[in-house]
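Participant: Dropping in my_file-v9.cif, with mmCIF, C-alpha atoms.
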data_upload
loop_
_atom_site.label_atom_id
_atom_site.label_comp_id
_atom_site.auth_asym_id
_atom_site.auth_seq_id
_atom_site.Cartn_x
_atom_site.Cartn_y
_atom_site.Cartn_z
CA MET A 1 -0.47 1.22 18.11
CA LEU A 2 -3.45 -0.46 16.50
CA SER A 3 -6.68 1.30 15.63
CA LYS A 4 -9.76 -0.08 17.36
CA PRO A 5 -13.38 0.34 16.32
CA ARG A 6 -15.27 2.95 18.33
CA PHE A 7 -18.61 1.13 18.34
CA LYS A 8 -19.14 -2.62 18.51
CA TRP A 9 -22.27 -2.34 16.37
CA LEU A 10 -20.39 -0.38 13.70
CA PRO A 11 -16.94 -2.01 13.45
CA MET A 12 -16.07 -0.61 9.99
CA PRO A 13 -17.89 2.70 9.51
CA TYR A 14 -16.25 3.58 6.18
CA HIS A 15 -17.11 0.18 4.77
CA SER A 16 -20.70 0.60 5.93
CA ILE A 17 -20.98 3.98 4.21
CA LEU A 18 -19.45 2.57 1.05
CA LEU A 19 -21.77 -0.47 1.06
CA PHE A 20 -24.84 1.71 1.63
CA ALA A 21 -23.90 4.14 -1.15
CA THR A 22 -23.03 1.31 -3.54
CA TRP A 23 -26.36 -0.41 -2.86
CA LEU A 24 -28.30 2.75 -3.61
CA LEU A 25 -26.26 3.52 -6.73
CA LEU A 26 -26.67 0.01 -8.10
CA ASN A 27 -30.43 0.12 -7.59
CA ASN A 28 -30.72 3.72 -8.79
CA THR A 29 -33.52 4.52 -6.37
CA LEU A 30 -34.19 6.07 -2.98
CA ALA A 31 -37.31 3.98 -2.33
CA PRO A 32 -37.91 3.23 1.38
CA GLY A 33 -37.45 -0.51 0.82
CA HIS A 34 -34.02 -0.01 -0.74
CA LEU A 35 -33.01 2.46 1.96
CA PHE A 36 -33.97 -0.13 4.59
CA LEU A 37 -32.29 -3.06 2.83
CA GLY A 38 -29.17 -0.98 2.12
CA SER A 39 -29.00 -0.05 5.81
CA VAL A 40 -29.37 -3.68 6.89
CA LEU A 41 -26.61 -4.76 4.50
CA ALA A 42 -24.37 -1.82 5.43
CA LEU A 43 -24.62 -2.72 9.11
CA GLY A 44 -24.83 -6.50 8.79
CA ILE A 45 -21.99 -7.31 6.40
CA PRO A 46 -19.29 -5.50 8.43
CA LEU A 47 -20.61 -7.07 11.64
CA LEU A 48 -20.41 -10.55 10.11
CA THR A 49 -16.97 -10.04 8.57
CA SER A 50 -15.23 -7.94 11.25
CA SER A 51 -13.91 -11.02 13.03
CA LEU A 52 -12.12 -12.05 9.82
CA SER A 53 -9.97 -8.93 9.58
CA LYS A 54 -6.69 -8.40 11.36
CA PRO A 55 -6.11 -5.19 13.29
CA GLN A 56 -4.13 -2.71 11.21
CA PRO A 57 -1.73 -0.06 12.46
CA ALA A 58 -3.16 3.43 12.79
CA LEU A 59 -1.95 6.26 10.57
CA HIS A 60 -0.09 8.60 12.87
CA LYS A 61 0.60 11.23 10.21
CA PRO A 62 -2.20 10.94 7.63
CA MET A 63 -1.21 14.13 5.79
CA HIS A 64 2.16 12.55 5.00
CA THR A 65 0.34 9.90 2.98
CA PHE A 66 -0.62 12.53 0.40
CA ARG A 67 3.00 13.62 0.04
CA TYR A 68 4.06 9.96 -0.19
CA ALA A 69 1.48 9.28 -2.92
CA LEU A 70 2.70 12.29 -4.92
CA ARG A 71 6.30 11.12 -4.58
CA VAL A 72 5.39 7.62 -5.78
CA LEU A 73 3.39 8.99 -8.73
CA GLY A 74 6.31 11.22 -9.73
CA ASP A 75 8.72 8.30 -9.46
CA ILE A 76 6.43 6.13 -11.58
CA VAL A 77 6.41 8.71 -14.38
CA THR A 78 10.18 9.26 -14.18
CA ALA A 79 10.93 5.53 -14.03
CA ASN A 80 8.63 4.87 -17.01
CA LEU A 81 10.74 7.20 -19.11
CA GLU A 82 13.99 5.70 -17.86
CA VAL A 83 12.82 2.14 -18.55
CA ALA A 84 11.56 3.11 -22.01
CA PHE A 85 15.00 4.46 -22.93
CA GLN A 86 16.72 1.40 -21.45
CA VAL A 87 14.50 -1.05 -23.31
CA MET A 88 14.82 0.84 -26.59
CA GLY A 89 18.60 0.93 -26.23
CA PRO A 90 21.13 -1.85 -26.61
CA ILE A 91 20.53 -4.99 -24.56
CA LYS A 92 24.11 -4.91 -23.28
CA ASN A 93 23.19 -1.85 -21.20
CA LEU A 94 20.67 -3.89 -19.21
CA ASN A 95 22.08 -5.53 -16.13
CA PRO A 96 19.19 -7.31 -14.36
CA GLY A 97 19.61 -8.83 -10.94
CA PHE A 98 18.14 -9.58 -7.55
CA PHE A 99 19.07 -7.92 -4.29
CA ALA A 100 17.81 -7.94 -0.69
CA VAL A 101 16.62 -4.77 1.03
CA PRO A 102 16.94 -5.00 4.82
CA LEU A 103 13.65 -3.90 6.38
CA ASP A 104 13.22 -1.64 9.37
CA LEU A 105 9.43 -1.60 8.93
CA GLU A 106 7.22 -3.71 11.16
CA GLY A 107 3.72 -4.92 10.51
CA GLU A 108 2.05 -6.52 7.53
CA LEU A 109 0.43 -3.41 6.09
CA PRO A 110 3.53 -1.17 5.98
CA ILE A 111 5.64 -3.98 4.51
CA THR A 112 2.94 -4.72 1.92
CA LEU A 113 2.76 -1.03 0.98
CA LEU A 114 6.54 -0.90 0.55
CA ALA A 115 6.54 -4.05 -1.60
CA SER A 116 3.68 -2.68 -3.69
CA THR A 117 5.42 0.65 -4.15
CA VAL A 118 8.58 -1.07 -5.34
CA SER A 119 6.56 -3.15 -7.80
CA LEU A 120 4.62 -0.13 -9.07
CA THR A 121 7.84 1.68 -9.93
CA PRO A 122 8.92 0.53 -13.40
CA GLY A 123 12.25 -1.23 -13.53
CA THR A 124 11.86 -2.92 -10.14
CA VAL A 125 9.65 -5.74 -8.89
CA SER A 126 9.42 -6.98 -5.32
CA SER A 127 9.53 -10.75 -5.46
CA GLU A 128 9.31 -11.92 -1.85
CA VAL A 129 9.44 -10.93 1.78
CA SER A 130 11.66 -13.19 3.87
CA GLU A 131 10.07 -15.52 6.43
CA CYS A 132 11.53 -13.44 9.27
CA ARG A 133 10.13 -10.24 7.65
CA LYS A 134 13.55 -8.61 7.78
CA PHE A 135 14.32 -8.57 4.03
CA LEU A 136 12.47 -7.62 0.87
CA TYR A 137 13.83 -9.33 -2.23
CA VAL A 138 13.71 -7.10 -5.30
CA HIS A 139 14.49 -7.64 -8.98
CA ALA A 140 15.89 -4.66 -10.86
CA LEU A 141 16.06 -4.29 -14.63
CA THR A 142 19.33 -2.39 -14.41
CA MET A 143 21.51 -2.96 -11.38
CA LYS A 144 24.59 -0.77 -11.58
CA ASN A 145 25.08 -0.23 -7.86
CA GLU A 146 23.22 -2.52 -5.47
CA GLU A 147 23.91 -0.41 -2.38
CA GLU A 148 22.64 2.72 -4.13
CA LEU A 149 19.38 0.98 -5.06
CA ILE A 150 18.93 -0.23 -1.48
CA GLN A 151 19.52 3.26 -0.08
CA THR A 152 17.10 4.78 -2.61
CA ILE A 153 14.33 2.37 -1.58
CA LYS A 154 15.01 2.91 2.11
CA GLN A 155 15.16 6.71 1.89
CA ARG A 156 12.44 7.41 -0.68
CA TYR A 157 9.88 4.80 0.36
CA GLU A 158 10.64 3.01 3.64
CA ALA A 159 11.49 6.10 5.72
CA PRO A 160 8.23 7.95 4.85
CA LEU A 161 6.20 4.79 5.57
CA MET A 162 7.92 4.46 8.95
CA GLU A 163 6.96 8.07 9.66
CA ILE A 164 3.35 7.58 8.52
CA PHE A 165 2.84 4.44 10.60
CA SER A 166 5.28 5.36 13.44
CA CYS A 167 7.15 2.07 13.13
#
Show me the file's structure as structure tokens.

Facilitator:
Amino acid sequence: MLSKPRFKWLPMPYHSILLFATWLLLNNTLAPGHLFLGSVLALGIPLLTSSLSKPQPALHKPMHTFRYALRVLGDIVTANLEVAFQVMGPIKNLNPGFFAVPLDLEGELPITLLASTVSLTPGTVSSEVSECRKFLYVHALTMKNEEELIQTIKQRYEAPLMEIFSC
């Protein structure tokens, strides 16, 4: 299910609010002229650019995004420590390699979020999404068990994203 704008004259309300606030902060004044010009820009820019954006899937469980963000932050801290110990240790303990994660996610935004999450976690980098959008190719610094890494990515990251976006 894709989210649709409620009003044609205000296609991106959050962007409009952000543009208006940014304009006022940059000018450091609440003068009537700046309020008017900020309003014109806040309404005009989203109207002019709304046709350029692709519809994005709606968040069906927005509260789960907070839990997902906390999980990713925790994993980033833990993985930083693990990678630090691996890099400081003997090189023979490193076993880098590529592997393909089969994707159950659909849509550009959820797949992009998964790829970004994998890249943010130290020790792994997403390198490419297949043309058919069914595989995410990942490079791992230490690849002891490929199937275990795939299951970790699918359970810790892909499953919550599927729940958040109802894919």

Participant: With 12 Å as the cut-off and only C-alpha atoms counted, what is the closest atom pair between each nearby residue of segment 48-67 of chain A and segment 93-115 of chain A? Distances in Å to one decimal, ordered by chain and number, as CSV.

Facilitator:
residue,atom,partner,partner_atom,distance
A:Lys54,CA,A:Glu108,CA,9.7
A:Pro55,CA,A:Leu109,CA,9.9
A:Gln56,CA,A:Leu109,CA,6.9
A:Pro57,CA,A:Leu109,CA,7.5
A:Ala58,CA,A:Leu109,CA,10.2
A:Leu59,CA,A:Pro110,CA,10.3
A:Thr65,CA,A:Leu113,CA,11.4

Participant: Those residues with C-alpha atoms, as an mmCIF file, keeping the file's coordinate frame please?

Facilitator:
data_model
loop_
_atom_site.group_PDB
_atom_site.id
_atom_site.type_symbol
_atom_site.label_atom_id
_atom_site.label_comp_id
_atom_site.auth_asym_id
_atom_site.auth_seq_id
_atom_site.Cartn_x
_atom_site.Cartn_y
_atom_site.Cartn_z
ATOM 1 C CA LYS A 54 -6.690 -8.400 11.360
ATOM 2 C CA PRO A 55 -6.110 -5.190 13.290
ATOM 3 C CA GLN A 56 -4.130 -2.710 11.210
ATOM 4 C CA PRO A 57 -1.730 -0.060 12.460
ATOM 5 C CA ALA A 58 -3.160 3.430 12.790
ATOM 6 C CA LEU A 59 -1.950 6.260 10.570
ATOM 7 C CA THR A 65 0.340 9.900 2.980
#

Participant: Counting all atoms listed in the file, what is within 12 Å of Ser119 of chain A, bar same-chain residues fewer than 3 positions away, as a PyMOL selection string?

Facilitator: chain A and resi 72+75-76+79+112-116+122-128+136-141+153+157

Participant: At what distance in Å, to one decimal, does atom CA of Pro160 of chain A lie from atom CA of Tyr68 of chain A?

Facilitator: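 A separation of 6.8 Å between them.
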
Participant: Could you check which of A:Ala42, A:Leu149, A:Leu161, A:Ala84 is closest to Arg71 of chain A, using all atoms listed in the file?

Facilitator: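 Among A:Ala42, A:Leu149, A:Leu161, A:Ala84, it is A:Leu161 that comes nearest to Arg71 of chain A.
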
Participant: Work out how far apart atom CA of Pro13 of chain A and atom CA of His34 of chain A are and give it in Å to one decimal.

Facilitator: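 Pair atom CA of Pro13 of chain A / atom CA of His34 of chain A returns 19.3 Å.
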
Participant: I need the residue nearest Val83 of chain A from this list: A:Ile45, A:Thr29, A:Thr121, A:Ser39. Use all atoms listed in the file for the distance.

Facilitator: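 Closest candidate: A:Thr121.
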
Participant: The PyMOL selection byres ((chain A and resi 10) around 12) on the file shown: which residues, as a list of chain:residue names?

Facilitator: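 After applying the PyMOL selection byres ((chain A and resi 10) around 12), what remains is A:Lys4, A:Pro5, A:Arg6, A:Phe7, A:Lys8, A:Trp9, A:Pro11, A:Met12, A:Pro13, A:Tyr14, A:His15, A:Ser16, A:Ile17, A:Ser39, A:Val40, A:Leu41, A:Ala42, A:Leu43, A:Gly44, A:Ile45, A:Pro46, A:Leu47, A:Leu48, A:Thr49, A:Ser50.
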
Participant: Using all atoms listed in the file, which of the listed residues (A:Ala31, A:Ile91, A:Leu120, A:Leu52) sits closest to Gly74 of chain A?

Facilitator: A:Leu120

Participant: Quick one: distance from atom CA of Leu81 of chain A to atom CA of Ala159 of chain A in Å, one decimal?

Facilitator: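 Result for atom CA of Leu81 of chain A versus atom CA of Ala159 of chain A: 24.9 Å, one decimal.
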
Participant: Using only C-alpha atoms, which residue out of A:Pro62, A:Glu148, A:Thr142, A:Pro90 lies closest to Phe165 of chain A?

Facilitator: A:Pro62

Participant: Box for segment 86-93 of chain A - axis-aligned, 6 Å on each of the six sides, all listed atoms - centre and size in Å to one decimal, as AutoDock Vina command-line options.

Facilitator:
--center_x 19.3 --center_y -1.8 --center_z -23.9 --size_x 21.6 --size_y 18.4 --size_z 17.4

Participant: Find the residues near His60 of chain A: any atom within 8 Å, counting only C-alpha atoms, skip ones fewer than 6 places away on the same chain, and give them as a VMD selection string.

Facilitator: chain A and resid 163 to 166
